[in-house]
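Raw contents of final_20.txt, compact mmCIF, C-alpha atoms:
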```txt
# COMPACT_ATOMS: atom_id res chain seq x y z
CA MET A 72 -53.00 -31.27 -11.62
CA PRO A 73 -50.84 -30.48 -8.59
CA LYS A 74 -51.31 -27.05 -7.00
CA LYS A 75 -47.82 -25.88 -7.78
CA ARG A 76 -48.14 -26.56 -11.48
CA LEU A 77 -51.53 -24.88 -11.50
CA LEU A 78 -49.97 -21.87 -9.81
CA ILE A 79 -47.16 -21.59 -12.35
CA LEU A 80 -49.64 -21.94 -15.18
CA LEU A 81 -51.75 -19.20 -13.60
CA PHE A 82 -48.65 -17.07 -13.18
CA ILE A 83 -47.74 -17.44 -16.85
CA ILE A 84 -51.27 -16.64 -17.96
CA ILE A 85 -51.43 -13.54 -15.72
CA SER A 86 -48.05 -12.34 -16.97
CA ILE A 87 -48.98 -12.80 -20.60
CA GLY A 88 -52.35 -11.22 -19.93
CA LEU A 89 -50.70 -8.24 -18.29
CA MET A 90 -48.38 -7.80 -21.24
CA THR A 91 -51.22 -8.13 -23.69
CA TYR A 92 -53.22 -5.54 -21.78
CA GLN A 93 -50.37 -3.04 -21.92
CA SER A 94 -49.69 -3.65 -25.58
CA GLY A 95 -50.53 -0.40 -27.35
CA ARG A 96 -51.53 1.27 -24.07
CA GLU A 97 -49.72 3.26 -21.42
CA HIS A 98 -47.26 1.12 -19.49
CA ILE A 99 -47.86 0.20 -15.86
CA SER A 100 -44.86 0.92 -13.64
CA PRO A 101 -45.70 0.37 -9.97
CA PHE A 102 -42.13 0.84 -8.70
CA GLN A 103 -41.12 3.74 -10.90
CA PHE A 104 -40.86 5.97 -7.84
CA LEU A 105 -37.74 3.99 -6.98
CA SER A 106 -35.98 5.18 -10.09
CA ASN A 107 -35.20 8.57 -8.54
CA THR A 108 -33.62 6.89 -5.54
CA ILE A 109 -31.63 4.57 -7.76
CA ASN A 110 -30.53 7.47 -9.93
CA ARG A 111 -29.42 9.39 -6.85
CA PHE A 112 -27.37 6.38 -5.85
CA HIS A 113 -25.87 6.25 -9.32
CA GLU A 114 -25.09 9.95 -9.08
CA LEU A 115 -23.49 9.44 -5.70
CA LYS A 116 -21.56 6.46 -7.00
CA ASN A 117 -20.35 8.48 -9.99
CA SER A 118 -19.29 11.42 -7.85
CA ILE A 119 -17.33 9.04 -5.61
CA LYS A 120 -15.86 7.36 -8.67
CA ASN A 121 -14.91 10.74 -10.15
CA PHE A 122 -13.43 11.83 -6.86
CA VAL A 123 -11.29 8.69 -6.76
CA THR A 124 -10.34 8.52 -10.44
CA SER A 125 -9.90 12.19 -11.35
CA PRO A 126 -6.45 12.47 -9.73
CA PHE A 127 -5.34 9.42 -11.71
CA LYS A 128 -6.75 10.85 -14.92
CA THR A 129 -4.91 14.09 -14.27
CA LEU A 130 -1.79 12.09 -13.60
CA LEU A 131 -2.13 10.23 -16.87
CA LEU A 132 -2.57 13.48 -18.78
CA ARG A 133 0.49 14.95 -17.18
CA GLU A 134 2.57 11.84 -17.61
CA GLU A 135 3.69 12.75 -21.11
CA GLU A 136 4.63 16.24 -20.08
CA ASN A 137 6.44 14.87 -17.05
CA LYS A 138 8.47 12.49 -19.20
CA ARG A 139 9.68 15.33 -21.38
CA LEU A 140 10.43 17.57 -18.42
CA LYS A 141 12.19 14.76 -16.59
CA ALA A 142 14.47 14.15 -19.55
CA GLU A 143 15.41 17.83 -19.57
CA LEU A 144 15.75 17.94 -15.83
CA SER A 145 17.98 14.88 -15.59
CA GLY A 146 20.44 16.52 -17.98
CA LEU A 147 20.47 19.69 -15.91
CA LEU A 148 20.76 17.77 -12.64
CA LYS A 149 23.81 15.92 -13.89
CA GLU A 150 25.47 19.24 -14.62
CA GLN A 151 24.41 20.65 -11.28
CA GLN A 152 25.66 17.58 -9.42
CA LYS A 153 29.10 18.08 -10.87
CA PHE A 154 29.18 21.65 -9.57
CA ILE A 155 27.86 20.64 -6.15
CA GLU A 156 30.50 17.91 -5.83
CA ALA A 157 33.22 20.39 -6.76
CA ILE A 158 31.95 22.98 -4.27
CA GLN A 159 31.70 20.43 -1.45
CA GLU A 160 35.14 19.00 -2.09
CA ASN A 161 36.54 22.50 -2.18
CA LYS A 162 34.93 23.23 1.18
CA ARG A 163 36.27 20.04 2.76
CA LEU A 164 39.79 20.66 1.48
CA LYS A 165 39.68 24.23 2.78
CA GLU A 166 38.67 22.95 6.21
CA LEU A 167 41.51 20.45 6.19
CA LEU A 168 43.92 23.14 5.04
CA SER A 169 42.98 25.45 7.87
CA LEU A 170 43.27 22.52 10.29
CA LYS A 171 46.67 21.71 8.89
CA GLU A 172 47.79 25.28 9.43
CA ARG A 173 46.62 25.18 13.05
CA GLU A 174 47.88 21.65 13.78
CA HIS A 175 51.64 21.45 14.24
CA ARG A 176 51.47 17.64 14.70
CA TYR A 177 50.14 17.19 11.19
CA VAL A 178 51.30 14.07 9.34
CA THR A 179 48.99 13.80 6.35
CA ALA A 180 45.43 14.13 5.18
CA ALA A 181 43.73 10.94 4.10
CA ARG A 182 40.55 10.05 2.29
CA ILE A 183 38.23 7.31 3.55
CA ILE A 184 38.01 4.96 0.61
CA ALA A 185 36.05 2.01 1.98
CA LYS A 186 34.62 0.29 4.98
CA SER A 187 36.37 -2.71 6.48
CA ILE A 188 35.49 -6.08 4.95
CA ASP A 189 34.65 -7.36 8.42
CA PRO A 190 30.93 -6.72 8.85
CA TRP A 191 31.26 -6.66 12.63
CA SER A 192 33.84 -3.91 12.65
CA ASN A 193 33.31 -0.17 12.20
CA ALA A 194 36.85 0.28 10.89
CA VAL A 195 37.39 2.17 7.65
CA ILE A 196 40.22 2.11 5.15
CA LEU A 197 42.29 5.22 4.44
CA ASP A 198 44.23 5.88 1.26
CA LYS A 199 47.46 6.73 3.08
CA GLY A 200 50.04 4.29 4.46
CA THR A 201 53.61 4.10 5.70
CA LYS A 202 54.86 5.75 2.49
CA ASP A 203 53.00 8.87 3.61
CA GLY A 204 54.37 8.73 7.15
CA VAL A 205 51.35 7.06 8.74
CA ALA A 206 52.13 4.74 11.65
CA LYS A 207 50.09 2.55 13.98
CA ASP A 208 48.35 4.35 16.89
CA MET A 209 48.50 7.73 15.19
CA VAL A 210 45.42 9.85 15.73
CA ALA A 211 42.82 10.78 13.11
CA ILE A 212 40.91 14.03 13.54
CA THR A 213 38.60 16.24 11.54
CA ASP A 214 37.68 19.88 11.97
CA LYS A 215 34.90 18.70 14.30
CA GLY A 216 37.02 16.55 16.61
CA LEU A 217 38.46 13.11 17.18
CA ALA A 218 37.70 10.53 14.48
CA GLY A 219 39.69 7.55 15.79
CA LYS A 220 43.10 6.02 15.69
CA ILE A 221 45.14 4.09 13.18
CA SER A 222 44.79 0.42 14.09
CA SER A 223 46.99 -1.06 11.38
CA VAL A 224 48.96 0.24 8.47
CA SER A 225 50.39 -1.04 5.22
CA TYR A 226 52.61 0.63 2.65
CA SER A 227 49.80 2.44 0.84
CA TYR A 228 46.77 2.08 3.09
CA SER A 229 45.83 2.20 6.72
CA TYR A 230 42.92 1.14 8.88
CA LEU A 231 41.17 3.73 10.99
CA LEU A 232 39.47 2.45 14.13
CA PRO A 233 36.66 4.95 14.75
CA LEU A 234 35.76 5.90 18.27
CA THR A 235 32.39 4.19 17.97
CA ASP A 236 34.09 0.81 17.43
CA ILE A 237 33.75 -1.63 20.29
CA ASN A 238 37.56 -1.99 20.45
CA PHE A 239 38.18 1.72 20.80
CA SER A 240 38.95 3.42 24.11
CA ALA A 241 40.61 6.65 25.10
CA GLY A 242 41.33 8.69 28.23
CA THR A 243 38.92 11.60 28.48
CA ARG A 244 37.76 14.44 30.66
CA LEU A 245 34.70 16.61 30.77
CA ARG A 246 35.69 20.01 29.40
CA ASP A 247 33.97 22.10 32.10
CA SER A 248 34.15 19.98 35.25
CA ARG A 249 37.51 18.37 34.30
CA THR A 250 36.18 15.03 35.55
CA GLU A 251 38.23 12.19 34.08
CA GLY A 252 36.98 8.98 32.59
CA ILE A 253 37.46 6.55 29.74
CA ILE A 254 35.46 6.57 26.57
CA SER A 255 34.71 3.35 24.69
CA GLY A 256 32.85 2.54 21.52
CA THR A 257 29.63 0.59 21.58
CA GLY A 258 29.72 -0.71 18.02
CA PHE A 259 26.98 1.68 17.01
CA ARG A 260 26.66 5.45 16.79
CA LYS A 261 27.15 6.19 20.47
CA CYS A 262 30.00 5.81 22.94
CA LYS A 263 30.06 5.04 26.64
CA LEU A 264 31.84 7.25 29.12
CA LYS A 265 33.05 4.94 31.87
CA TYR A 266 34.40 5.18 35.36
CA ILE A 267 32.72 8.45 36.32
CA HIS A 268 31.87 8.28 40.01
CA TYR A 269 28.14 8.63 40.78
CA GLU A 270 28.79 11.65 42.99
CA GLU A 271 30.23 13.60 40.05
CA ASP A 272 27.87 16.13 38.53
CA VAL A 273 27.49 15.24 34.85
CA LYS A 274 24.84 16.94 32.77
CA LYS A 275 23.41 16.30 29.33
CA GLY A 276 25.26 18.40 26.78
CA ASP A 277 28.60 18.37 28.65
CA VAL A 278 31.46 18.28 26.15
CA VAL A 279 33.95 15.42 26.37
CA ILE A 280 37.56 15.96 25.31
CA THR A 281 40.69 13.82 25.31
CA SER A 282 42.67 13.98 28.53
CA GLY A 283 46.04 12.93 27.13
CA LEU A 284 46.63 10.74 30.16
CA ASP A 285 46.58 7.55 28.07
CA LEU A 286 49.79 8.73 26.37
CA LEU A 287 48.15 7.99 23.01
CA PHE A 288 45.84 10.87 22.18
CA PRO A 289 46.92 14.49 22.47
CA PRO A 290 44.95 16.36 25.16
CA GLY A 291 42.10 18.73 24.39
CA ILE A 292 40.68 17.13 21.22
CA PRO A 293 36.86 17.34 21.28
CA ILE A 294 35.20 13.92 21.23
CA GLY A 295 31.48 14.44 21.67
CA TYR A 296 28.77 15.53 24.06
CA VAL A 297 26.89 13.74 26.82
CA SER A 298 23.48 12.61 25.59
CA LYS A 299 22.28 10.53 28.53
CA VAL A 300 23.20 10.23 32.18
CA ASP A 301 21.94 7.37 34.33
CA LYS A 302 22.82 7.29 38.02
CA LYS A 303 20.34 4.61 38.96
CA GLY A 304 22.42 1.64 37.86
CA VAL A 305 24.10 -0.76 40.23
CA GLY A 306 27.65 0.16 41.26
CA ILE A 307 29.56 3.26 42.01
CA PHE A 308 29.87 4.56 38.45
CA GLN A 309 27.39 6.41 36.32
CA ASP A 310 26.11 5.10 33.04
CA ILE A 311 26.83 7.89 30.54
CA GLU A 312 26.23 7.94 26.80
CA VAL A 313 28.21 10.22 24.51
CA ILE A 314 27.40 11.16 20.94
CA PRO A 315 30.61 11.77 18.98
CA PHE A 316 31.02 15.01 17.05
CA VAL A 317 32.48 13.07 14.13
CA ASN A 318 30.12 10.79 12.29
CA ASN A 319 32.09 8.41 10.13
CA THR A 320 29.16 7.86 7.84
CA TRP A 321 29.42 11.43 6.61
CA THR A 322 33.16 11.90 6.84
CA GLU A 323 35.26 11.70 3.70
CA PHE A 324 38.58 13.16 4.78
CA VAL A 325 40.52 12.89 8.01
CA MET A 326 43.78 14.40 9.13
CA ILE A 327 46.34 12.15 10.73
CA ILE A 328 48.41 13.62 13.52
CA LYS A 329 51.12 12.29 15.75
CA ARG A 330 51.17 12.69 19.50
CA GLU A 331 54.04 15.15 19.60
CA MET B 250 -36.52 -7.64 8.98
CA ASN B 251 -35.68 -10.36 6.51
CA TYR B 252 -37.86 -8.69 3.85
CA ILE B 253 -36.15 -5.35 4.41
CA LEU B 254 -32.79 -7.05 4.00
CA TRP B 255 -33.92 -8.63 0.75
CA ALA B 256 -35.29 -5.30 -0.47
CA VAL B 257 -31.88 -3.72 0.21
CA ILE B 258 -30.10 -6.60 -1.54
CA ILE B 259 -32.37 -6.26 -4.60
CA PHE B 260 -31.84 -2.49 -4.59
CA PHE B 261 -28.05 -2.80 -4.54
CA THR B 262 -28.06 -5.63 -7.08
CA ILE B 263 -29.92 -3.35 -9.50
CA ILE B 264 -27.44 -0.53 -8.78
CA ILE B 265 -24.44 -2.83 -9.36
CA GLN B 266 -26.06 -4.21 -12.50
CA GLY B 267 -26.36 -0.69 -13.85
CA SER B 268 -22.79 0.16 -12.99
CA VAL B 269 -20.77 -2.56 -14.72
CA SER B 270 -20.61 -3.92 -18.25
CA LEU B 271 -18.57 -6.26 -20.38
CA PHE B 272 -18.31 -5.53 -24.12
CA ASP B 273 -21.10 -2.99 -23.53
CA VAL B 274 -23.37 -5.75 -22.21
CA THR B 275 -25.03 -5.15 -18.86
CA PRO B 276 -24.95 -8.27 -16.69
CA ASN B 277 -28.08 -9.99 -15.48
CA PHE B 278 -27.43 -10.26 -11.75
CA THR B 279 -31.11 -10.08 -10.90
CA ALA B 280 -31.50 -13.46 -12.58
CA VAL B 281 -28.84 -14.78 -10.17
CA LEU B 282 -30.85 -13.37 -7.30
CA ALA B 283 -34.01 -15.09 -8.54
CA TYR B 284 -32.01 -18.29 -9.07
CA TYR B 285 -30.65 -18.07 -5.51
CA LEU B 286 -34.09 -17.51 -4.01
CA GLY B 287 -35.51 -20.44 -5.96
CA VAL B 288 -32.70 -22.77 -4.90
CA LYS B 289 -32.89 -21.75 -1.26
CA ARG B 290 -36.60 -21.08 -0.72
CA GLY B 291 -38.39 -23.56 -2.90
CA LYS B 292 -40.62 -23.30 -5.98
CA ILE B 293 -43.45 -21.07 -4.75
CA ASN B 294 -41.30 -18.67 -2.74
CA GLY B 295 -38.77 -18.59 -5.58
CA MET B 296 -41.51 -17.73 -8.05
CA PHE B 297 -43.00 -15.10 -5.74
CA PHE B 298 -39.70 -13.35 -4.96
CA GLY B 299 -38.53 -13.75 -8.56
CA SER B 300 -41.66 -12.03 -9.86
CA PHE B 301 -41.24 -9.27 -7.30
CA ILE B 302 -37.68 -8.68 -8.54
CA GLY B 303 -39.06 -8.75 -12.10
CA ILE B 304 -41.75 -6.15 -11.31
CA VAL B 305 -39.13 -3.83 -9.79
CA GLU B 306 -36.80 -4.33 -12.75
CA ASP B 307 -39.60 -3.76 -15.28
CA SER B 308 -40.67 -0.60 -13.48
CA LEU B 309 -37.14 0.76 -13.38
CA SER B 310 -36.37 -0.09 -16.98
CA TYR B 311 -39.13 2.26 -18.22
CA THR B 312 -40.71 -0.45 -20.38
CA PHE B 313 -44.00 -2.23 -19.96
CA LEU B 314 -44.66 -4.47 -16.96
CA GLY B 315 -44.36 -8.19 -17.62
CA PRO B 316 -41.24 -9.48 -19.38
CA ASN B 317 -39.02 -9.54 -16.31
CA LEU B 318 -41.96 -10.41 -14.09
CA LEU B 319 -42.52 -13.53 -16.15
CA SER B 320 -38.87 -14.42 -16.69
CA LYS B 321 -37.71 -13.93 -13.10
CA GLY B 322 -40.73 -15.74 -11.74
CA MET B 323 -39.97 -18.61 -14.06
CA ILE B 324 -36.31 -18.62 -13.01
CA GLY B 325 -37.32 -18.75 -9.35
CA TYR B 326 -39.57 -21.70 -10.06
CA LEU B 327 -37.30 -23.57 -12.47
CA SER B 328 -34.14 -23.18 -10.36
CA SER B 329 -35.89 -24.81 -7.46
CA LEU B 330 -37.24 -27.54 -9.72
CA ILE B 331 -33.82 -28.25 -11.27
CA SER B 332 -31.92 -28.26 -7.99
CA SER B 333 -34.42 -30.41 -6.11
CA LYS B 334 -35.65 -32.86 -8.73
CA LEU B 335 -33.28 -33.20 -11.62
CA PHE B 336 -29.78 -33.64 -10.25
CA ILE B 337 -27.54 -33.99 -7.25
CA TRP B 338 -25.76 -30.65 -6.92
CA THR B 339 -22.11 -30.33 -7.97
CA PRO B 340 -20.25 -27.10 -8.82
CA VAL B 341 -20.19 -27.97 -12.54
CA LEU B 342 -23.93 -28.64 -12.61
CA GLY B 343 -24.38 -25.39 -10.67
CA ILE B 344 -22.52 -23.51 -13.40
CA ILE B 345 -24.47 -25.25 -16.16
CA SER B 346 -27.86 -24.69 -14.52
CA ILE B 347 -27.26 -20.99 -13.79
CA SER B 348 -26.03 -20.49 -17.36
CA ILE B 349 -29.06 -22.20 -18.86
CA LEU B 350 -31.46 -20.33 -16.60
CA THR B 351 -29.80 -17.00 -17.42
CA ILE B 352 -30.21 -17.81 -21.11
CA THR B 353 -33.83 -18.75 -20.43
CA ASP B 354 -34.44 -15.52 -18.51
CA SER B 355 -32.95 -13.31 -21.22
CA PHE B 356 -34.71 -15.30 -23.93
CA ILE B 357 -38.12 -14.84 -22.24
CA VAL B 358 -37.53 -11.09 -21.89
CA PHE B 359 -36.39 -10.76 -25.51
CA VAL B 360 -39.33 -12.76 -26.87
CA SER B 361 -41.88 -10.98 -24.64
CA ARG B 362 -40.68 -7.57 -25.73
CA SER B 363 -40.52 -8.62 -29.35
CA VAL B 364 -44.06 -10.00 -29.24
CA PHE B 365 -45.84 -7.42 -27.08
CA ASP B 366 -43.83 -4.32 -27.90
CA ILE B 367 -40.96 -3.94 -30.35
CA MET B 368 -37.87 -6.10 -30.89
CA PRO B 369 -35.29 -4.35 -28.69
CA VAL B 370 -32.22 -5.49 -30.71
CA SER B 371 -31.49 -7.65 -33.72
CA ILE B 372 -31.42 -11.41 -33.17
CA GLY B 373 -27.62 -11.59 -33.63
CA VAL B 374 -27.06 -8.91 -31.00
CA ALA B 375 -29.59 -10.58 -28.72
CA VAL B 376 -27.69 -13.88 -28.96
CA PHE B 377 -24.45 -12.08 -28.16
CA ILE B 378 -25.98 -10.28 -25.16
CA ILE B 379 -27.58 -13.46 -23.85
CA LEU B 380 -24.30 -15.41 -24.14
CA ILE B 381 -22.27 -12.72 -22.39
CA GLN B 382 -24.82 -12.49 -19.57
CA SER B 383 -24.75 -16.25 -19.26
CA LEU B 384 -20.95 -16.27 -19.12
CA LEU B 385 -20.89 -13.53 -16.50
CA ASN B 386 -23.35 -15.40 -14.28
CA ALA B 387 -21.83 -18.84 -14.78
CA PRO B 388 -19.09 -18.64 -12.09
CA LEU B 389 -21.69 -17.67 -9.49
CA GLY B 390 -23.24 -21.12 -9.93
CA ILE B 391 -20.34 -22.58 -7.98
CA PHE B 392 -21.35 -20.72 -4.84
CA ILE B 393 -25.12 -21.15 -4.96
CA LYS B 394 -26.00 -24.64 -3.85
CA PRO B 395 -29.17 -26.08 -2.36
CA ASP B 396 -29.35 -26.71 1.38
CA GLU B 397 -28.64 -30.30 2.31
CA LYS B 398 -31.74 -32.16 3.34
```

What does the file become when written as structure tokens?
Amino acid sequence: MPKKRLLILLFIIISIGLMTYQSGREHISPFQFLSNTINRFHELKNSIKNFVTSPFKTLLLREEENKRLKAELSGLLKEQQKFIEAIQENKRLKELLSLKEREHRYVTAARIIAKSIDPWSNAVILDKGTKDGVAKDMVAITDKGLAGKISSVSYSYSYLLPLTDINFSAGTRLRDSRTEGIISGTGFRKCKLKYIHYEEDVKKGDVVITSGLDLLFPPGIPIGYVSKVDKKGVGIFQDIEVIPFVNNTWTEFVMIIKRE
Amino acid sequence: MNYILWAVIIFFTIIIQGSVSLFDVTPNFTAVLAYYLGVKRGKINGMFFGSFIGIVEDSLSYTFLGPNLLSKGMIGYLSSLISSKLFIWTPVLGIISISILTITDSFIVFVSRSVFDIMPVSIGVAVFIILIQSLLNAPLGIFIKPDEK
């Protein structure tokens, strides 16, 4: 008989003998000391499991309550939203009214109803047209400052070219130093202030206003503030970034004024 | 170092085995370990390591020493025998062999306990437990293949 088979036979006999020996006697457990260690591991595993799952269990328990509360809350929020809308609209109209009272060049107030279909343009559509006295190149302002100019107009609607549009430019000056330049849109949220000589002292935070020298925009309308000044560029002019006071994303109403 | 690693693997296999269940049936991953050792290390080593796993399992299960010692030792021996002598390994044969050996393992334990102690469960429940354990171990047969000679 080969050794391996003899060994397995021996193994079986020993095992059966061992079991027979223990039958009706106290059990032999040579590795029982490991059970404590294993149980500690199980305890540790359970505490980790509880730590991980208890928040989810709590969440599940509260889910029902949350559903009920959410239903109640959504009803209340709808009501509240109506009031908030009314309050905000009231505030905006009051601002426009006070602006109208101050502004003798007032033509009309217009609401921004949509963005231009052209995805590359920042232009927006206003709900006022020639029937309301709006004409091309009129100026749009808000209580914060210059919003843009009317680029085209139809009977009932008009297109407002905001000052951040790449096609926009206006004559400007720095309010404090009276340094003149030209502001242009960049197509994004910022504008560029051009043609400011590198020897001119321009600081971050300087306010930019319209100069009126372009014969298009009335002088003194706030445009924005200087956010970045770079004198290191090549050439004789500084590279200046301006953040407009009027953000078209958040503007709903504008006032249209004429030059004189 | 290798023995320490195997001790750690056996330790964690027993912990995992005690932590999961399917239809209230605890899997028999230690049989997979014995099967693996038999396939990879040959008959004698497989039997030796299998019986060691069995002794540990018997000790930790608070029953008498022997059923798992015998069954795991047999699995270690038989897995090596099957993989080396009886067939050329393919994934399907791997699944079949691990399933059969799991059934064999559980059957030996059940019979040993029934003969030398008391019948742990009814025969119907035992069949159910053995089949579930076999099903749980079956996919692992795909990954355990003998080393090419």

Any idea which chain A residues end up within 9 Å of chain B if we count only C-alpha atoms, as a JSON list (two decimals) with C-alpha atoms, in the frame of the given file please?
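What follows is the written file part.json:
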```
[["chain", "number", "residue", "atom", "x", "y", "z"],
["A", 75, "LYS", "CA", -47.82, -25.88, -7.78],
["A", 78, "LEU", "CA", -49.97, -21.87, -9.81],
["A", 79, "ILE", "CA", -47.16, -21.59, -12.35],
["A", 82, "PHE", "CA", -48.65, -17.07, -13.18],
["A", 83, "ILE", "CA", -47.74, -17.44, -16.85],
["A", 85, "ILE", "CA", -51.43, -13.54, -15.72],
["A", 86, "SER", "CA", -48.05, -12.34, -16.97],
["A", 87, "ILE", "CA", -48.98, -12.80, -20.60],
["A", 88, "GLY", "CA", -52.35, -11.22, -19.93],
["A", 89, "LEU", "CA", -50.70, -8.24, -18.29],
["A", 90, "MET", "CA", -48.38, -7.80, -21.24],
["A", 91, "THR", "CA", -51.22, -8.13, -23.69],
["A", 93, "GLN", "CA", -50.37, -3.04, -21.92],
["A", 94, "SER", "CA", -49.69, -3.65, -25.58],
["A", 95, "GLY", "CA", -50.53, -0.40, -27.35],
["A", 97, "GLU", "CA", -49.72, 3.26, -21.42],
["A", 98, "HIS", "CA", -47.26, 1.12, -19.49],
["A", 99, "ILE", "CA", -47.86, 0.20, -15.86],
["A", 100, "SER", "CA", -44.86, 0.92, -13.64],
["A", 101, "PRO", "CA", -45.70, 0.37, -9.97],
["A", 102, "PHE", "CA", -42.13, 0.84, -8.70],
["A", 103, "GLN", "CA", -41.12, 3.74, -10.90],
["A", 104, "PHE", "CA", -40.86, 5.97, -7.84],
["A", 105, "LEU", "CA", -37.74, 3.99, -6.98],
["A", 106, "SER", "CA", -35.98, 5.18, -10.09],
["A", 109, "ILE", "CA", -31.63, 4.57, -7.76],
["A", 110, "ASN", "CA", -30.53, 7.47, -9.93],
["A", 112, "PHE", "CA", -27.37, 6.38, -5.85],
["A", 113, "HIS", "CA", -25.87, 6.25, -9.32],
["A", 116, "LYS", "CA", -21.56, 6.46, -7.00]]
```

TODO: Find the residues near region 175-181 of chain A: any atom within 10 Å, counting only C-alpha atoms, skip ones fewer than 4 places away on the same chain, and give them as a count of residues only.
DONE: 31

Task: Option closest in space to Lys394 (chain B), from B:Val269, B:Ile302, B:Ile331, B:Leu254 [counting only C-alpha atoms] - done: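 Closest to Lys394 (chain B) of all the choices is B:Ile331.
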
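CA of Phe127 (chain A) sits 27.5 Å away from CA of Gly146 (chain A).
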
TODO: Quote the spacing between CA of Lys321 (chain B) and CA of Leu115 (chain A) in Å to one decimal place.
DONE: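 These atoms are spaced 28.3 Å apart.
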
Task: Answer as an NGL selection string, residues within 12 Å of (-23.8, -10.2, -11.5) using all atoms listed in the file - done: :B and (259 or 261-271 or 274-284 or 347 or 351 or 381-390)

- [ ] Could you jot down the CA of Ser255 (chain A) to CA of Ile237 (chain A) separation for me, Å, one decimal place?
- [x]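 One can read the CA of Ser255 (chain A) to CA of Ile237 (chain A) distance as 6.7 Å.
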
Task: Pick from B:Ser332, B:Ser355, B:Ser348, B:Ser363 nearest to Ile378 (chain B), counting all atoms listed in the file - done: B:Ser355

Task: Contact residues around Gly252 (chain A) with all atoms listed in the file at 8 Å, ignoring same-chain residues under 4 positions, as a PyMOL selection string - done: chain A and resi 242-244+264-267

Task: Residue nearest Gly219 (chain A) among A:Pro315, A:Leu148, A:Phe122, A:Glu136 (counting only C-alpha atoms) - done: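 Under the stated criterion, the closest residue is A:Pro315.
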
- [ ] Using only C-alpha atoms, determine which residues lie at most 10 Å from region 269-276 of chain A, disregarding the query and same-chain residues fewer than 2 positions distant; provide the list as a PyMOL selection string.
- [x] chain A and resi 245+247-248+250+266-267+278-279+295-304+306-314

Fix up region 162-172 of chain A with N, CA, C and O atoms, then write it as a PDB file, in the coordinates of the input.
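The resulting file, part.pdb, is shown below:
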```
ATOM      1  N   LYS A 162      35.185  22.842  -0.217  1.00  0.00           N
ATOM      2  CA  LYS A 162      34.930  23.230   1.180  1.00  0.00           C
ATOM      3  C   LYS A 162      35.697  22.327   2.148  1.00  0.00           C
ATOM      4  O   LYS A 162      36.349  22.789   3.082  1.00  0.00           O
ATOM      5  N   ARG A 163      35.605  21.003   1.869  1.00  0.00           N
ATOM      6  CA  ARG A 163      36.270  20.040   2.760  1.00  0.00           C
ATOM      7  C   ARG A 163      37.787  20.247   2.755  1.00  0.00           C
ATOM      8  O   ARG A 163      38.438  20.210   3.787  1.00  0.00           O
ATOM      9  N   LEU A 164      38.335  20.472   1.580  1.00  0.00           N
ATOM     10  CA  LEU A 164      39.790  20.660   1.480  1.00  0.00           C
ATOM     11  C   LEU A 164      40.228  21.948   2.172  1.00  0.00           C
ATOM     12  O   LEU A 164      41.284  21.995   2.795  1.00  0.00           O
ATOM     13  N   LYS A 165      39.365  22.965   2.086  1.00  0.00           N
ATOM     14  CA  LYS A 165      39.680  24.230   2.780  1.00  0.00           C
ATOM     15  C   LYS A 165      39.702  24.026   4.286  1.00  0.00           C
ATOM     16  O   LYS A 165      40.550  24.548   4.993  1.00  0.00           O
ATOM     17  N   GLU A 166      38.724  23.233   4.765  1.00  0.00           N
ATOM     18  CA  GLU A 166      38.670  22.950   6.210  1.00  0.00           C
ATOM     19  C   GLU A 166      39.926  22.205   6.662  1.00  0.00           C
ATOM     20  O   GLU A 166      40.515  22.500   7.696  1.00  0.00           O
ATOM     21  N   LEU A 167      40.310  21.213   5.846  1.00  0.00           N
ATOM     22  CA  LEU A 167      41.510  20.450   6.190  1.00  0.00           C
ATOM     23  C   LEU A 167      42.756  21.330   6.159  1.00  0.00           C
ATOM     24  O   LEU A 167      43.648  21.210   6.980  1.00  0.00           O
ATOM     25  N   LEU A 168      42.774  22.248   5.179  1.00  0.00           N
ATOM     26  CA  LEU A 168      43.920  23.140   5.040  1.00  0.00           C
ATOM     27  C   LEU A 168      44.058  24.049   6.265  1.00  0.00           C
ATOM     28  O   LEU A 168      45.159  24.223   6.807  1.00  0.00           O
ATOM     29  N   SER A 169      42.923  24.563   6.696  1.00  0.00           N
ATOM     30  CA  SER A 169      42.980  25.450   7.870  1.00  0.00           C
ATOM     31  C   SER A 169      43.378  24.652   9.108  1.00  0.00           C
ATOM     32  O   SER A 169      44.117  25.122   9.967  1.00  0.00           O
ATOM     33  N   LEU A 170      42.897  23.388   9.163  1.00  0.00           N
ATOM     34  CA  LEU A 170      43.270  22.520  10.290  1.00  0.00           C
ATOM     35  C   LEU A 170      44.764  22.224  10.263  1.00  0.00           C
ATOM     36  O   LEU A 170      45.445  22.225  11.286  1.00  0.00           O
ATOM     37  N   LYS A 171      45.245  22.012   9.055  1.00  0.00           N
ATOM     38  CA  LYS A 171      46.670  21.710   8.890  1.00  0.00           C
ATOM     39  C   LYS A 171      47.529  22.892   9.362  1.00  0.00           C
ATOM     40  O   LYS A 171      48.563  22.727  10.010  1.00  0.00           O
ATOM     41  N   GLU A 172      47.034  24.076   9.034  1.00  0.00           N
ATOM     42  CA  GLU A 172      47.790  25.280   9.430  1.00  0.00           C
ATOM     43  C   GLU A 172      47.815  25.443  10.942  1.00  0.00           C
ATOM     44  O   GLU A 172      48.798  25.894  11.521  1.00  0.00           O
TER      45      GLU A 172
END
```
